[in-house]
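Contents: one structure, followed by commentary.
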Amino acid sequence: MRLPEFVVVDDEGHRWCDLCGYPNVAAWVHPTRPLDGEYSIRPFYWLVCEECHRLVRETRRDELAERAVDVHGDGIGILDRPTRVVCARARHDDFWAAREGFSRRLTPEELRVEASS
Ligand SMILES: [Zn+2]
């Protein structure tokens with residue numbers, strides 16, 4: 001499976017978790033369909049770290065939003081924590097709404113390809 005072009009990879013090839021923003025730990029691919037108004041000639045994917053993957057599997061949406069704030073901040077610094085959690089939750093809603101099919105682990109080959117590009 002070819003990885004999407006929008007995957008965020010920094011200069012050192014680190015993958016960032018699309019849910020919490022934690023760098024260099026994305027280990028799972030969660031397929032999604034395009035949301036309304038989006039168009040793509042191939043499927044979308046969200047890359048997800050181990051901890052977020054666990055929370056997704058257990059459908060723990062609130063804890064996932066809390067984690068995003070803890071890890072990434074998720075939102076402008078002047079916002080209070082409850083507001084930032086709401087922002088993270090709203091961003092994650094796109095993910096929850098678009099999930100489709102089965103998640104799978106990234107293969108070593110995919111990790112290598114991404115790291116060497
Ligand atoms: Zn994560």
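Identifiers in this document derive from the order of the structure tokens: chains are assigned A, B, ..., residues are numbered from 1 separately in each chain, and ligands are numbered from 1 in order of occurrence.
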Could you list, as a compact mmCIF listing (two decimals) with C-alpha atoms, in the first residue's frame, all residues that come within 10 Å of ligand 1? Count only C-alpha atoms and all ligand atoms.
```txt
# COMPACT_ATOMS: atom_id res chain seq x y z
CA TRP A 16 4.28 12.38 13.60
CA CYS A 17 1.19 10.84 15.09
CA ASP A 18 -1.78 12.48 13.35
CA LEU A 19 -3.86 12.33 16.52
CA CYS A 20 -1.56 13.55 19.29
CA GLY A 21 1.31 15.08 17.30
CA TYR A 22 3.95 13.05 19.08
CA PRO A 23 7.01 12.76 16.81
CA ASN A 24 8.74 9.64 15.56
CA VAL A 25 6.28 7.15 16.98
CA ALA A 26 3.58 6.60 14.38
CA ALA A 27 3.25 2.84 14.09
CA TRP A 28 -0.26 2.24 12.78
CA LEU A 47 -0.81 7.57 11.03
CA VAL A 48 -1.24 6.82 14.70
CA CYS A 49 1.14 6.10 17.59
CA GLU A 50 0.82 3.06 19.85
CA GLU A 51 -0.88 4.88 22.70
CA CYS A 52 -3.40 6.66 20.49
CA HIS A 53 -4.07 3.41 18.64
CA ARG A 54 -4.94 1.78 21.96
CA LEU A 55 -7.32 4.63 22.85
CA VAL A 56 -8.94 4.44 19.40
CA LEU A 64 -7.55 10.81 23.26
CA ARG A 67 -3.59 13.16 25.35
CA ALA A 68 -3.37 15.47 22.33
CA VAL A 71 1.55 15.92 24.07
CA HIS A 72 1.11 18.64 21.50
```
| Leaving out range 94-104 of chain A and any residue of its chain fewer than 6 positions from it, which residues lie within 7 Å of it when counting only C-alpha atoms, given as number ranges by chain? | A: 28-35
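Among the residues of range 28-107 of chain A, backbone DSSP assigns strand (DSSP E or B) to Trp28, Val29, His30, Pro31, Thr32, Phe44, Tyr45, Trp46, Leu47, Val48, Cys49, Arg99, Arg104 and Arg105 of chain A.
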Those same residues - C-alpha atoms - I'd like them written as an mmCIF file, in the first residue's frame.
```cif
data_model
loop_
_atom_site.group_PDB
_atom_site.id
_atom_site.type_symbol
_atom_site.label_atom_id
_atom_site.label_comp_id
_atom_site.auth_asym_id
_atom_site.auth_seq_id
_atom_site.Cartn_x
_atom_site.Cartn_y
_atom_site.Cartn_z
ATOM 1 C CA TRP A 28 -0.257 2.240 12.778
ATOM 2 C CA VAL A 29 -2.146 3.148 9.625
ATOM 3 C CA HIS A 30 -5.841 3.867 10.055
ATOM 4 C CA PRO A 31 -7.626 4.061 6.699
ATOM 5 C CA THR A 32 -10.265 6.734 6.270
ATOM 6 C CA PHE A 44 -6.680 8.578 2.974
ATOM 7 C CA TYR A 45 -4.847 7.367 6.034
ATOM 8 C CA TRP A 46 -4.095 8.674 9.467
ATOM 9 C CA LEU A 47 -0.810 7.575 11.027
ATOM 10 C CA VAL A 48 -1.237 6.822 14.696
ATOM 11 C CA CYS A 49 1.144 6.103 17.593
ATOM 12 C CA ARG A 99 -12.660 5.853 9.749
ATOM 13 C CA ARG A 104 -2.743 -2.152 10.414
ATOM 14 C CA ARG A 105 0.850 -1.751 11.517
#
```
| task | Grab the CA of Leu106 in chain A to CA of Glu63 in chain A distance for me, in Å with one decimal place. | result | 23.6 Å
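Distances here use only C-alpha atoms; by that measure, the residue among A:Thr59, A:Val69, A:Arg15, A:Thr107 closest to Arg91 in chain A is A:Val69.
Taking CA of Glu109 in chain A and CA of Glu58 in chain A as endpoints, the distance between them is 28.0 Å.
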